[in-house]
Amino acid sequence: MLFEGKFSEDGFDNRITQLFGIRYPIIQAGMIWASGWRLASAVSNAGGLGIIGAGSMYPDVLRTHVRKCKQATDKPFAVNVPLLYPDIDKHIAVIIEEKVPIVFTSAGNPKTWTAKLKEHGIIVTHVVSSAKFAKKCEDAGVDAVVAEGFEAGGHNGREETTTLCLIPAARASVSIPLIAAGGIASGRAMYAMMVLGAEGVQMGSRFVCTHEASSHIAFKEAVVKAGEGDTIVTLKKLTPVRLIKNDFYQKVQEAENSCASVVELENILGRARAKQGMFEGDLNEGELEIGQVSSIIKEIRPAGDVVTGVWEEFKSTAKEPFKFL
């Protein structure tokens with residue numbers, strides 16, 4: 001399989017930029033409690049693809065964010081929908097009624113809603129953690145697939161496959177456009193993913209640390225301060241999640257070391273733990289979902305600056321890939 005891309009006067013020309021109608025193959029992940037309309041519109045206005053994260057929104061809240069995003073940008077944007085969400089049918093209805101152009105689905109079977117969305121002219125991309133599921137996405141008729149490695153923040157695949165291994169495996173498995181995610185926060189990392197067979201990158205943690213992200217400033221500052229080894233994947237008996245180690249994590253660790261049951265772990269987790277940490281700023285008892293790449297993120301910046309910074313570094317790396325500053 002041969003897939004080509006080339007620099008253009010406006011940015012980059014390949015299957016991802018053509019599919020989404022964007023200048024750069026840079027996509028902001030749809031993250032709970034972090035990616036509302038302000039972040040999505042800022043990324044889209046800068047030439048990437050901004051995504052509204054519907055996983056932390058009621059249907060009426062999603063509708064408000066979609067409408068505000070339309071007012072803030074005339075560029076393409078997307079909505080991310082976790083397919084296991086209890087009100088998924090209502091979310092899909094809002095997306096169709098509001099004529100959202102692009103949908104990123106995750107955490108579920110892409111066969112369930114892909115055909116319905118495509119009937120309404122919506123471009124569908126699904127997020128996976130293995131080459132096997134990437135192939136299932138292609139069979140389900142999605143337009144593109146995001147392959148997310150184990151470095152990523154938030155909920156992770158049980159395969160524990162890192163991005164470095166996942167991207168070439170996924171590339172060998174599918175012919176549809178492929179987007180790399182997990183551990184990417186720079187233009188050099190973007191270049192590496194493109195060499196491995198990706199046609200675009202999706203970044204989450206880097207966009208958490210932006211002024212437009214709706215996450216709490218205390219959480220953003222904790223991400224900036226995080227060092228190597230400060231994140232870990234836990235709650236594997238429930239749904240594996242990568243987060244910053246804190247008091248809540250220590251309680252989970254102690255319970256797991258004592259062979260706690262699934263029910264006991266669910267009781268420790270409780271409800272709205274991610275909101276408590278990421279949106280309300282409780283750094284001790286909240287769930288602080290973020291990726292390993294947080295250890296190299298050193299500042300909170302405007303989202304547009306992140307897009308242009310990653311793009312400029314990607315261009316310079318493409319010219320001199322073995323030059324290190």
# chains A, B, ... in the order shown; residues from 1 in each chain; ligands from 1

call {"tool": "residues_around", "arguments": {"residues": "Ile217 of chain A", "least_positions_apart": "2", "cutoff": "12 Å", "atoms": "only C-alpha atoms", "output": "number ranges by chain"}}
result
A: 33-34, 208-215, 219-224, 277-283, 299-300

call {"tool": "select_by_dssp", "arguments": {"residues": "segment 97-127 of chain A", "states": "alpha helix (DSSP H)", "output": "PyMOL selection string"}}
result
chain A and resi 97+114-119

call {"tool": "write_last_selection", "arguments": {"atoms": "all heavy atoms", "output": "tab-separated table (two decimals), in the first residue's frame"}}
result
chain	number	residue	atom	x	y	z
A	97	GLU	N	-29.27	16.53	13.88
A	97	GLU	CA	-30.10	17.74	13.79
A	97	GLU	C	-29.26	18.99	13.61
A	97	GLU	O	-29.66	19.92	12.87
A	97	GLU	CB	-30.96	17.87	15.05
A	97	GLU	CG	-32.05	16.82	15.17
A	97	GLU	CD	-32.64	16.75	16.57
A	97	GLU	OE1	-32.30	17.62	17.40
A	97	GLU	OE2	-33.41	15.81	16.84
A	114	THR	N	-22.36	3.80	12.64
A	114	THR	CA	-21.66	4.34	11.46
A	114	THR	C	-22.59	4.53	10.27
A	114	THR	O	-22.62	5.60	9.63
A	114	THR	CB	-20.47	3.44	11.08
A	114	THR	OG1	-19.49	3.48	12.13
A	114	THR	CG2	-19.82	3.91	9.78
A	115	ALA	N	-23.36	3.50	9.93
A	115	ALA	CA	-24.25	3.58	8.77
A	115	ALA	C	-25.27	4.70	8.92
A	115	ALA	O	-25.54	5.45	7.97
A	115	ALA	CB	-24.96	2.25	8.55
A	116	LYS	N	-25.82	4.85	10.14
A	116	LYS	CA	-26.80	5.89	10.40
A	116	LYS	C	-26.21	7.28	10.19
A	116	LYS	O	-26.80	8.15	9.55
A	116	LYS	CB	-27.31	5.76	11.84
A	116	LYS	CG	-28.27	6.86	12.29
A	116	LYS	CD	-29.65	6.69	11.71
A	116	LYS	CE	-30.63	7.64	12.35
A	116	LYS	NZ	-31.99	7.51	11.76
A	117	LEU	N	-25.00	7.48	10.70
A	117	LEU	CA	-24.34	8.78	10.56
A	117	LEU	C	-24.01	9.08	9.11
A	117	LEU	O	-24.22	10.18	8.62
A	117	LEU	CB	-23.07	8.81	11.42
A	117	LEU	CG	-23.30	8.82	12.94
A	117	LEU	CD1	-22.01	8.51	13.68
A	117	LEU	CD2	-23.86	10.15	13.41
A	118	LYS	N	-23.51	8.06	8.41
A	118	LYS	CA	-23.13	8.28	7.02
A	118	LYS	C	-24.34	8.51	6.12
A	118	LYS	O	-24.23	9.18	5.08
A	118	LYS	CB	-22.30	7.08	6.53
A	118	LYS	CG	-20.89	7.04	7.13
A	118	LYS	CD	-20.14	5.79	6.74
A	118	LYS	CE	-19.71	5.83	5.29
A	118	LYS	NZ	-18.62	6.80	5.06
A	119	GLU	N	-25.49	8.00	6.51
A	119	GLU	CA	-26.73	8.28	5.77
A	119	GLU	C	-27.01	9.78	5.72
A	119	GLU	O	-27.64	10.28	4.79
A	119	GLU	CB	-27.92	7.58	6.43
A	119	GLU	CG	-28.04	6.10	6.14
A	119	GLU	CD	-29.19	5.48	6.90
A	119	GLU	OE1	-30.01	6.23	7.48
A	119	GLU	OE2	-29.27	4.24	6.94

call {"tool": "closest_residue", "arguments": {"among": "A:Asp230, A:Asp143, A:Glu256, A:Glu98", "to": "Leu62 of chain A", "atoms": "only C-alpha atoms"}}
result
A:Glu98

call {"tool": "atom_distance", "arguments": {"atom1": "atom CA of Arg63 of chain A", "atom2": "atom CA of Ile102 of chain A"}}
result
14.7 Å

call {"tool": "residues_around", "arguments": {"residues": "Gly182 of chain A", "least_positions_apart": "2", "cutoff": "7 Å", "atoms": "only C-alpha atoms", "output": "number ranges by chain"}}
result
A: 148-152, 163, 184

call {"tool": "residues_around", "arguments": {"residues": "Lys70 of chain A", "least_positions_apart": "4", "cutoff": "8 Å", "atoms": "only C-alpha atoms", "output": "list in words"}}
result
Ser41, Val66 and Asp74 of chain A

call {"tool": "closest_atom_pairs", "arguments": {"of": "segment 179-246 of chain A", "to": "segment 12-17 of chain A", "cutoff": "10 Å", "atoms": "only C-alpha atoms", "output": "tab-separated table"}}
result
residue	atom	partner	partner_atom	distance
A:Ile179	CA	A:Ile16	CA	8.1
A:Ala198	CA	A:Ile16	CA	9.6
A:Glu199	CA	A:Ile16	CA	6.2
A:Gly200	CA	A:Ile16	CA	6.4
A:Val201	CA	A:Ile16	CA	9.6

call {"tool": "write_last_selection", "arguments": {"atoms": "all heavy atoms", "output": "compact mmCIF listing (two decimals), in the first residue's frame"}}
result
# COMPACT_ATOMS: atom_id res chain seq x y z
N ILE A 179 -4.83 7.65 11.61
CA ILE A 179 -4.39 8.73 12.49
C ILE A 179 -3.72 8.12 13.71
O ILE A 179 -4.26 7.19 14.32
CB ILE A 179 -5.59 9.60 12.91
CG1 ILE A 179 -6.26 10.21 11.68
CG2 ILE A 179 -5.15 10.69 13.90
CD1 ILE A 179 -7.67 10.70 11.95
N ALA A 198 1.24 6.62 9.62
CA ALA A 198 0.07 7.45 9.92
C ALA A 198 -0.04 8.58 8.90
O ALA A 198 0.95 8.97 8.28
CB ALA A 198 0.16 8.02 11.32
N GLU A 199 -1.25 9.10 8.74
CA GLU A 199 -1.47 10.21 7.82
C GLU A 199 -1.91 11.47 8.56
O GLU A 199 -2.24 12.49 7.96
CB GLU A 199 -2.51 9.81 6.77
CG GLU A 199 -2.00 8.70 5.87
CD GLU A 199 -3.11 7.99 5.12
OE1 GLU A 199 -3.51 8.48 4.04
OE2 GLU A 199 -3.58 6.94 5.62
N GLY A 200 -1.93 11.38 9.87
CA GLY A 200 -2.27 12.51 10.72
C GLY A 200 -2.04 12.10 12.16
O GLY A 200 -1.79 10.93 12.46
N VAL A 201 -2.09 13.07 13.07
CA VAL A 201 -1.93 12.77 14.49
C VAL A 201 -3.07 13.38 15.30
O VAL A 201 -3.61 14.43 14.94
CB VAL A 201 -0.58 13.29 15.04
CG1 VAL A 201 0.57 12.56 14.38
CG2 VAL A 201 -0.44 14.80 14.87

call {"tool": "residues_around", "arguments": {"residues": "His65 of chain A", "least_positions_apart": "2", "cutoff": "12 Å", "atoms": "only C-alpha atoms", "output": "number ranges by chain"}}
result
A: 35-41, 51-54, 56-63, 67-72, 77-79, 94-95, 98, 100, 214

call {"tool": "residues_around", "arguments": {"residues": "Arg158 of chain A", "least_positions_apart": "6", "cutoff": "10 Å", "atoms": "only C-alpha atoms", "output": "ChimeraX atom specification"}}
result
/A:129-130,150,236,239-241

call {"tool": "write_last_selection", "arguments": {"atoms": "C-alpha atoms", "output": "PDB file, in the first residue's frame"}}
result
ATOM      1  CA  SER A 129      -6.232   0.362  20.489  1.00  0.00           C
ATOM      2  CA  SER A 130      -5.297  -2.584  18.252  1.00  0.00           C
ATOM      3  CA  PHE A 150      -0.949   2.713  25.602  1.00  0.00           C
ATOM      4  CA  LYS A 236      -7.584  -2.719  35.144  1.00  0.00           C
ATOM      5  CA  THR A 239     -11.678  -0.138  32.628  1.00  0.00           C
ATOM      6  CA  PRO A 240      -7.937   0.621  32.414  1.00  0.00           C
ATOM      7  CA  VAL A 241      -7.272   4.333  32.819  1.00  0.00           C
TER       8      VAL A 241
END

call {"tool": "closest_residue", "arguments": {"among": "A:Ser8, A:Thr231, A:Ser294, A:Gln202", "to": "Val43 of chain A", "atoms": "only C-alpha atoms"}}
result
A:Gln202

call {"tool": "residues_around", "arguments": {"residues": "segment 243-245 of chain A", "least_positions_apart": "3", "cutoff": "7 Å", "atoms": "only C-alpha atoms", "output": "PyMOL selection string"}}
result
chain A and resi 153-154+230-233+249+287-290

call {"tool": "atom_distance", "arguments": {"atom1": "atom CA of Asn246 of chain A", "atom2": "atom CA of Lys275 of chain A"}}
result
15.2 Å

call {"tool": "decode", "arguments": {"residues": "segment 279-295 of chain A", "atoms": "all heavy atoms", "output": "PDB file, in the first residue's frame"}}
result
ATOM      1  N   PHE A 279     -12.208  18.793  36.186  1.00  0.00           N
ATOM      2  CA  PHE A 279     -13.043  19.969  35.978  1.00  0.00           C
ATOM      3  C   PHE A 279     -13.145  20.834  37.229  1.00  0.00           C
ATOM      4  O   PHE A 279     -13.173  22.065  37.152  1.00  0.00           O
ATOM      5  CB  PHE A 279     -14.435  19.537  35.526  1.00  0.00           C
ATOM      6  CG  PHE A 279     -15.293  20.656  35.011  1.00  0.00           C
ATOM      7  CD1 PHE A 279     -14.986  21.296  33.816  1.00  0.00           C
ATOM      8  CD2 PHE A 279     -16.414  21.069  35.711  1.00  0.00           C
ATOM      9  CE1 PHE A 279     -15.786  22.331  33.335  1.00  0.00           C
ATOM     10  CE2 PHE A 279     -17.211  22.101  35.240  1.00  0.00           C
ATOM     11  CZ  PHE A 279     -16.893  22.733  34.044  1.00  0.00           C
ATOM     12  N   GLU A 280     -13.186  20.186  38.388  1.00  0.00           N
ATOM     13  CA  GLU A 280     -13.320  20.928  39.641  1.00  0.00           C
ATOM     14  C   GLU A 280     -11.988  21.193  40.327  1.00  0.00           C
ATOM     15  O   GLU A 280     -11.924  21.996  41.254  1.00  0.00           O
ATOM     16  CB  GLU A 280     -14.270  20.173  40.576  1.00  0.00           C
ATOM     17  CG  GLU A 280     -15.689  20.056  40.008  1.00  0.00           C
ATOM     18  CD  GLU A 280     -16.608  19.201  40.865  1.00  0.00           C
ATOM     19  OE1 GLU A 280     -16.101  18.548  41.818  1.00  0.00           O
ATOM     20  OE2 GLU A 280     -17.823  19.182  40.597  1.00  0.00           O
ATOM     21  N   GLY A 281     -10.938  20.510  39.900  1.00  0.00           N
ATOM     22  CA  GLY A 281      -9.600  20.811  40.396  1.00  0.00           C
ATOM     23  C   GLY A 281      -9.205  20.184  41.710  1.00  0.00           C
ATOM     24  O   GLY A 281      -8.261  20.653  42.366  1.00  0.00           O
ATOM     25  N   ASP A 282      -9.857  19.086  42.103  1.00  0.00           N
ATOM     26  CA  ASP A 282      -9.475  18.380  43.327  1.00  0.00           C
ATOM     27  C   ASP A 282      -8.307  17.452  42.987  1.00  0.00           C
ATOM     28  O   ASP A 282      -8.496  16.345  42.478  1.00  0.00           O
ATOM     29  CB  ASP A 282     -10.656  17.575  43.864  1.00  0.00           C
ATOM     30  CG  ASP A 282     -10.364  16.935  45.217  1.00  0.00           C
ATOM     31  OD1 ASP A 282      -9.177  16.782  45.562  1.00  0.00           O
ATOM     32  OD2 ASP A 282     -11.330  16.559  45.921  1.00  0.00           O
ATOM     33  N   LEU A 283      -7.099  17.892  43.294  1.00  0.00           N
ATOM     34  CA  LEU A 283      -5.906  17.150  42.906  1.00  0.00           C
ATOM     35  C   LEU A 283      -5.610  15.966  43.812  1.00  0.00           C
ATOM     36  O   LEU A 283      -4.767  15.124  43.473  1.00  0.00           O
ATOM     37  CB  LEU A 283      -4.690  18.081  42.885  1.00  0.00           C
ATOM     38  CG  LEU A 283      -4.786  19.298  41.956  1.00  0.00           C
ATOM     39  CD1 LEU A 283      -3.471  20.067  41.960  1.00  0.00           C
ATOM     40  CD2 LEU A 283      -5.165  18.890  40.536  1.00  0.00           C
ATOM     41  N   ASN A 284      -6.296  15.873  44.921  1.00  0.00           N
ATOM     42  CA  ASN A 284      -6.051  14.770  45.851  1.00  0.00           C
ATOM     43  C   ASN A 284      -7.013  13.602  45.631  1.00  0.00           C
ATOM     44  O   ASN A 284      -6.591  12.448  45.499  1.00  0.00           O
ATOM     45  CB  ASN A 284      -6.169  15.259  47.302  1.00  0.00           C
ATOM     46  CG  ASN A 284      -5.101  16.265  47.647  1.00  0.00           C
ATOM     47  OD1 ASN A 284      -3.941  16.094  47.294  1.00  0.00           O
ATOM     48  ND2 ASN A 284      -5.491  17.333  48.330  1.00  0.00           N
ATOM     49  N   GLU A 285      -8.309  13.900  45.568  1.00  0.00           N
ATOM     50  CA  GLU A 285      -9.315  12.849  45.490  1.00  0.00           C
ATOM     51  C   GLU A 285      -9.910  12.678  44.092  1.00  0.00           C
ATOM     52  O   GLU A 285     -10.694  11.769  43.858  1.00  0.00           O
ATOM     53  CB  GLU A 285     -10.443  13.134  46.487  1.00  0.00           C
ATOM     54  CG  GLU A 285      -9.999  13.066  47.939  1.00  0.00           C
ATOM     55  CD  GLU A 285      -9.517  11.677  48.351  1.00  0.00           C
ATOM     56  OE1 GLU A 285      -9.992  10.682  47.756  1.00  0.00           O
ATOM     57  OE2 GLU A 285      -8.662  11.594  49.248  1.00  0.00           O
ATOM     58  N   GLY A 286      -9.544  13.546  43.164  1.00  0.00           N
ATOM     59  CA  GLY A 286     -10.081  13.448  41.817  1.00  0.00           C
ATOM     60  C   GLY A 286      -9.295  12.497  40.938  1.00  0.00           C
ATOM     61  O   GLY A 286      -8.162  12.121  41.245  1.00  0.00           O
ATOM     62  N   GLU A 287      -9.915  12.085  39.849  1.00  0.00           N
ATOM     63  CA  GLU A 287      -9.252  11.240  38.847  1.00  0.00           C
ATOM     64  C   GLU A 287      -8.629  12.167  37.811  1.00  0.00           C
ATOM     65  O   GLU A 287      -9.332  12.863  37.078  1.00  0.00           O
ATOM     66  CB  GLU A 287     -10.282  10.307  38.195  1.00  0.00           C
ATOM     67  CG  GLU A 287      -9.697   9.296  37.234  1.00  0.00           C
ATOM     68  CD  GLU A 287     -10.754   8.333  36.727  1.00  0.00           C
ATOM     69  OE1 GLU A 287     -11.492   7.753  37.555  1.00  0.00           O
ATOM     70  OE2 GLU A 287     -10.854   8.172  35.500  1.00  0.00           O
ATOM     71  N   LEU A 288      -7.297  12.177  37.739  1.00  0.00           N
ATOM     72  CA  LEU A 288      -6.557  13.123  36.909  1.00  0.00           C
ATOM     73  C   LEU A 288      -6.055  12.423  35.652  1.00  0.00           C
ATOM     74  O   LEU A 288      -4.895  12.032  35.552  1.00  0.00           O
ATOM     75  CB  LEU A 288      -5.394  13.718  37.706  1.00  0.00           C
ATOM     76  CG  LEU A 288      -5.749  14.312  39.081  1.00  0.00           C
ATOM     77  CD1 LEU A 288      -4.492  14.783  39.789  1.00  0.00           C
ATOM     78  CD2 LEU A 288      -6.754  15.457  38.933  1.00  0.00           C
ATOM     79  N   GLU A 289      -6.922  12.278  34.670  1.00  0.00           N
ATOM     80  CA  GLU A 289      -6.591  11.520  33.460  1.00  0.00           C
ATOM     81  C   GLU A 289      -5.674  12.324  32.542  1.00  0.00           C
ATOM     82  O   GLU A 289      -6.025  13.421  32.099  1.00  0.00           O
ATOM     83  CB  GLU A 289      -7.872  11.138  32.714  1.00  0.00           C
ATOM     84  CG  GLU A 289      -8.820  10.276  33.529  1.00  0.00           C
ATOM     85  CD  GLU A 289     -10.084   9.925  32.762  1.00  0.00           C
ATOM     86  OE1 GLU A 289     -10.134  10.167  31.535  1.00  0.00           O
ATOM     87  OE2 GLU A 289     -11.034   9.403  33.385  1.00  0.00           O
ATOM     88  N   ILE A 290      -4.515  11.758  32.225  1.00  0.00           N
ATOM     89  CA  ILE A 290      -3.556  12.422  31.335  1.00  0.00           C
ATOM     90  C   ILE A 290      -2.547  11.387  30.847  1.00  0.00           C
ATOM     91  O   ILE A 290      -2.368  10.341  31.478  1.00  0.00           O
ATOM     92  CB  ILE A 290      -2.842  13.595  32.060  1.00  0.00           C
ATOM     93  CG1 ILE A 290      -2.339  14.646  31.049  1.00  0.00           C
ATOM     94  CG2 ILE A 290      -1.722  13.078  32.941  1.00  0.00           C
ATOM     95  CD1 ILE A 290      -3.452  15.453  30.415  1.00  0.00           C
ATOM     96  N   GLY A 291      -1.862  11.699  29.738  1.00  0.00           N
ATOM     97  CA  GLY A 291      -0.935  10.751  29.143  1.00  0.00           C
ATOM     98  C   GLY A 291       0.490  10.863  29.655  1.00  0.00           C
ATOM     99  O   GLY A 291       0.858  11.826  30.336  1.00  0.00           O
ATOM    100  N   GLN A 292       1.313   9.867  29.295  1.00  0.00           N
ATOM    101  CA  GLN A 292       2.722   9.873  29.679  1.00  0.00           C
ATOM    102  C   GLN A 292       3.458  11.092  29.148  1.00  0.00           C
ATOM    103  O   GLN A 292       4.417  11.568  29.760  1.00  0.00           O
ATOM    104  CB  GLN A 292       3.415   8.612  29.149  1.00  0.00           C
ATOM    105  CG  GLN A 292       3.174   7.366  29.967  1.00  0.00           C
ATOM    106  CD  GLN A 292       4.003   6.202  29.458  1.00  0.00           C
ATOM    107  OE1 GLN A 292       4.287   6.110  28.266  1.00  0.00           O
ATOM    108  NE2 GLN A 292       4.362   5.293  30.346  1.00  0.00           N
ATOM    109  N   VAL A 293       3.007  11.606  28.009  1.00  0.00           N
ATOM    110  CA  VAL A 293       3.692  12.730  27.380  1.00  0.00           C
ATOM    111  C   VAL A 293       3.600  13.998  28.211  1.00  0.00           C
ATOM    112  O   VAL A 293       4.292  14.985  27.928  1.00  0.00           O
ATOM    113  CB  VAL A 293       3.128  12.954  25.954  1.00  0.00           C
ATOM    114  CG1 VAL A 293       1.790  13.684  26.000  1.00  0.00           C
ATOM    115  CG2 VAL A 293       4.121  13.676  25.059  1.00  0.00           C
ATOM    116  N   SER A 294       2.786  13.977  29.258  1.00  0.00           N
ATOM    117  CA  SER A 294       2.692  15.143  30.148  1.00  0.00           C
ATOM    118  C   SER A 294       4.049  15.525  30.719  1.00  0.00           C
ATOM    119  O   SER A 294       4.286  16.705  31.022  1.00  0.00           O
ATOM    120  CB  SER A 294       1.705  14.869  31.290  1.00  0.00           C
ATOM    121  OG  SER A 294       2.091  13.708  32.017  1.00  0.00           O
ATOM    122  N   SER A 295       4.967  14.574  30.841  1.00  0.00           N
ATOM    123  CA  SER A 295       6.272  14.866  31.437  1.00  0.00           C
ATOM    124  C   SER A 295       7.122  15.793  30.582  1.00  0.00           C
ATOM    125  O   SER A 295       8.104  16.366  31.084  1.00  0.00           O
ATOM    126  CB  SER A 295       7.043  13.557  31.684  1.00  0.00           C
ATOM    127  OG  SER A 295       7.333  12.906  30.461  1.00  0.00           O
TER     128      SER A 295
END
